[in-house]
Structure formats: structure tokens, C-alpha cells
>>> print(open('run12.cif').read())   # mmCIF, C-alpha atoms
data_start
#
loop_
_atom_site.label_atom_id
_atom_site.label_comp_id
_atom_site.auth_asym_id
_atom_site.auth_seq_id
_atom_site.Cartn_x
_atom_site.Cartn_y
_atom_site.Cartn_z
CA MET A 126 -54.90 79.53 -126.96
CA ALA A 127 -51.76 78.46 -125.14
CA HIS A 128 -51.27 74.81 -124.19
CA GLY A 129 -51.44 75.70 -120.49
CA SER A 130 -54.97 77.04 -120.73
CA PHE A 131 -56.41 73.92 -122.42
CA PRO A 132 -56.85 71.95 -119.16
CA LEU A 133 -58.55 74.97 -117.58
CA ALA A 134 -60.89 75.35 -120.56
CA LEU A 135 -61.67 71.63 -120.47
CA MET A 136 -62.41 71.77 -116.73
CA TRP A 137 -64.62 74.85 -117.17
CA THR A 138 -66.57 73.15 -119.96
CA TRP A 139 -67.08 70.03 -117.86
CA LEU A 140 -68.12 72.14 -114.84
CA ASN A 141 -70.85 73.71 -116.99
CA LEU A 142 -72.02 70.61 -118.87
CA LEU A 143 -72.42 68.35 -115.84
CA PRO A 144 -74.92 70.58 -114.00
CA PHE A 145 -76.80 71.17 -117.26
CA ASN A 146 -77.17 67.41 -117.65
CA ILE A 147 -78.21 67.01 -114.02
CA PHE A 148 -80.86 69.72 -114.48
CA ASN A 149 -82.29 67.79 -117.44
CA GLN A 150 -82.65 64.62 -115.33
CA VAL A 151 -83.79 65.95 -111.94
CA GLY A 152 -87.49 66.53 -112.69
CA ASN A 153 -90.15 64.01 -111.71
CA ALA A 154 -91.15 63.39 -115.32
CA ALA A 155 -87.52 62.86 -116.36
CA ILE A 156 -86.95 60.39 -113.51
CA ALA A 157 -90.12 58.48 -114.44
CA GLU A 158 -88.98 58.31 -118.07
CA ASP A 159 -85.49 57.21 -117.05
CA CYS A 160 -86.96 54.45 -114.85
CA ILE A 161 -88.27 52.91 -118.07
CA ASN A 162 -85.55 53.80 -120.59
CA LYS A 163 -82.34 54.17 -118.55
CA PRO A 164 -82.83 52.66 -115.08
CA TRP A 165 -79.06 52.56 -114.41
CA ARG A 166 -78.83 56.35 -114.09
CA PRO A 167 -78.23 57.58 -110.54
CA LEU A 168 -81.67 59.12 -109.88
CA PRO A 169 -83.91 56.26 -111.08
CA ALA A 170 -81.52 53.73 -109.51
CA ARG A 171 -81.84 55.67 -106.23
CA ILE A 172 -78.09 56.08 -105.89
CA ILE A 173 -78.75 59.76 -105.17
CA ASN A 174 -82.00 61.63 -104.54
CA GLN A 175 -83.30 64.84 -106.12
CA LYS A 176 -82.07 67.04 -103.26
CA GLN A 177 -78.54 65.64 -103.54
CA ALA A 178 -78.60 66.07 -107.34
CA ILE A 179 -79.66 69.71 -106.99
CA SER A 180 -76.89 70.30 -104.43
CA LEU A 181 -74.33 68.75 -106.78
CA MET A 182 -75.64 70.85 -109.66
CA SER A 183 -75.42 74.05 -107.62
CA ALA A 184 -71.91 73.27 -106.42
CA HIS A 185 -70.72 72.76 -109.99
CA TYR A 186 -72.22 76.07 -111.11
CA ILE A 187 -70.45 77.85 -108.23
CA LEU A 188 -67.16 76.16 -109.15
CA ALA A 189 -67.63 77.19 -112.79
CA VAL A 190 -67.99 80.82 -111.74
CA ILE A 191 -64.90 80.59 -109.52
CA VAL A 192 -62.83 78.95 -112.30
CA ALA A 193 -63.94 81.54 -114.85
#
>>> encode(input="run12.cif", output="C-alpha cells")
Amino acid sequence: MAHGSFPLALMWTWLNLLPFNIFNQVGNAAIAEDCINKPWRPLPARIINQKQAISLMSAHYILAVIVA
């Protein structure tokens, strides 16, 4: 792999890992668990809501397809 493609590969990886992590935290059971164990996360702390998290997740998947 050439040095110039490393940033692109890193960005593509991040664009795929972030929505995967959001998906794992967006369910009602996951939010309830995070309220107890990790209340600083954005969903249990009510920094964002489930609809906004799903929109962010979808946007990142679209960007990952475009970057690929």
C-alpha cells in the first residue's frame, strides 16, 4: 500500500467502525445498561436522542460507500 492511500484507508475504517458502535448503543436495552454503567455516553446523557444517532449512523454508512 502506498503512503498516500493510508489516510484514505484510515478514514474508511473509521467511517465503518463509528456507525457499528452507534448501532450497538442505540437500542433501548443498551441505553438502559449504559445509564447504569456508562452514563457519560451521548445517548444515556441525553446529548443526542435515538433518532439523531440513527441519522448519524446512516450518514456514516453512506460516506463509507462513497469513499470506497
>>> resolve_selection(input="run12.cif", expression="the PyMOL selection byres ((chain A and resi 193) around 9)", output="PyMOL selection string")
chain A and resi 133-134+137+188-192
>>> residues_around(input="run12.cif", residues="range 141-147 of chain A", least_positions_apart="6", cutoff="7 Å", atoms="all atoms listed in the file", output="CSV table (one decimal) with C-alpha atoms, in the coordinates of the input")
chain,number,residue,atom,x,y,z
A,178,ALA,CA,-78.6,66.1,-107.3
A,182,MET,CA,-75.6,70.8,-109.7
A,185,HIS,CA,-70.7,72.8,-110.0
A,186,TYR,CA,-72.2,76.1,-111.1
A,189,ALA,CA,-67.6,77.2,-112.8
>>> atom_distance(input="run12.cif", atom1="CA of Ser183 in chain A", atom2="CA of Ala154 in chain A")
20.5 Å
>>> closest_residue(input="run12.cif", among="A:Leu168, A:Leu135, A:Ile187, A:Leu181", to="Asn153 in chain A", atoms="all atoms listed in the file")
A:Leu168
>>> atom_distance(input="run12.cif", atom1="CA of Lys176 in chain A", atom2="CA of Val151 in chain A")
8.9 Å
>>> resolve_selection(input="run12.cif", expression="the PyMOL selection byres ((chain A and resi 166) around 12)", output="list of chain:residue names")
A:Asn146, A:Ile147, A:Gln150, A:Val151, A:Ala155, A:Ile156, A:Ala157, A:Glu158, A:Asp159, A:Cys160, A:Ile161, A:Asn162, A:Lys163, A:Pro164, A:Trp165, A:Pro167, A:Leu168, A:Pro169, A:Ala170, A:Arg171, A:Ile172, A:Ile173, A:Asn174, A:Ala178
>>> build_atoms(input="run12.cif", residues="range 153-166 of chain A", atoms="N, CA and C atoms", output="PDB file, in the coordinates of the input")
ATOM      1  N   ASN A 153     -89.377  65.241-111.942  1.00  0.00           N
ATOM      2  CA  ASN A 153     -90.150  64.010-111.710  1.00  0.00           C
ATOM      3  C   ASN A 153     -90.467  63.280-113.007  1.00  0.00           C
ATOM      4  N   ALA A 154     -90.833  64.022-114.040  1.00  0.00           N
ATOM      5  CA  ALA A 154     -91.150  63.390-115.320  1.00  0.00           C
ATOM      6  C   ALA A 154     -89.905  62.743-115.933  1.00  0.00           C
ATOM      7  N   ALA A 155     -88.763  63.408-115.814  1.00  0.00           N
ATOM      8  CA  ALA A 155     -87.520  62.860-116.360  1.00  0.00           C
ATOM      9  C   ALA A 155     -87.108  61.591-115.611  1.00  0.00           C
ATOM     10  N   ILE A 156     -87.297  61.586-114.299  1.00  0.00           N
ATOM     11  CA  ILE A 156     -86.950  60.390-113.510  1.00  0.00           C
ATOM     12  C   ILE A 156     -87.871  59.237-113.893  1.00  0.00           C
ATOM     13  N   ALA A 157     -89.165  59.529-114.045  1.00  0.00           N
ATOM     14  CA  ALA A 157     -90.120  58.480-114.440  1.00  0.00           C
ATOM     15  C   ALA A 157     -89.758  57.904-115.809  1.00  0.00           C
ATOM     16  N   GLU A 158     -89.383  58.774-116.740  1.00  0.00           N
ATOM     17  CA  GLU A 158     -88.980  58.310-118.070  1.00  0.00           C
ATOM     18  C   GLU A 158     -87.705  57.477-117.982  1.00  0.00           C
ATOM     19  N   ASP A 159     -86.744  57.943-117.187  1.00  0.00           N
ATOM     20  CA  ASP A 159     -85.490  57.210-117.050  1.00  0.00           C
ATOM     21  C   ASP A 159     -85.676  55.869-116.345  1.00  0.00           C
ATOM     22  N   CYS A 160     -86.681  55.745-115.485  1.00  0.00           N
ATOM     23  CA  CYS A 160     -86.960  54.450-114.850  1.00  0.00           C
ATOM     24  C   CYS A 160     -87.291  53.392-115.895  1.00  0.00           C
ATOM     25  N   ILE A 161     -87.904  53.833-116.988  1.00  0.00           N
ATOM     26  CA  ILE A 161     -88.270  52.910-118.070  1.00  0.00           C
ATOM     27  C   ILE A 161     -87.100  52.734-119.044  1.00  0.00           C
ATOM     28  N   ASN A 162     -86.531  53.846-119.507  1.00  0.00           N
ATOM     29  CA  ASN A 162     -85.550  53.800-120.590  1.00  0.00           C
ATOM     30  C   ASN A 162     -84.105  53.610-120.130  1.00  0.00           C
ATOM     31  N   LYS A 163     -83.733  54.216-119.009  1.00  0.00           N
ATOM     32  CA  LYS A 163     -82.340  54.170-118.550  1.00  0.00           C
ATOM     33  C   LYS A 163     -82.308  54.008-117.025  1.00  0.00           C
ATOM     34  N   PRO A 164     -82.716  52.848-116.537  1.00  0.00           N
ATOM     35  CA  PRO A 164     -82.830  52.660-115.080  1.00  0.00           C
ATOM     36  C   PRO A 164     -81.497  52.636-114.341  1.00  0.00           C
ATOM     37  N   TRP A 165     -80.372  52.580-115.054  1.00  0.00           N
ATOM     38  CA  TRP A 165     -79.060  52.560-114.410  1.00  0.00           C
ATOM     39  C   TRP A 165     -78.591  53.947-114.003  1.00  0.00           C
ATOM     40  N   ARG A 166     -79.239  54.997-114.469  1.00  0.00           N
ATOM     41  CA  ARG A 166     -78.830  56.350-114.090  1.00  0.00           C
ATOM     42  C   ARG A 166     -79.018  56.554-112.587  1.00  0.00           C
TER      43      ARG A 166
END
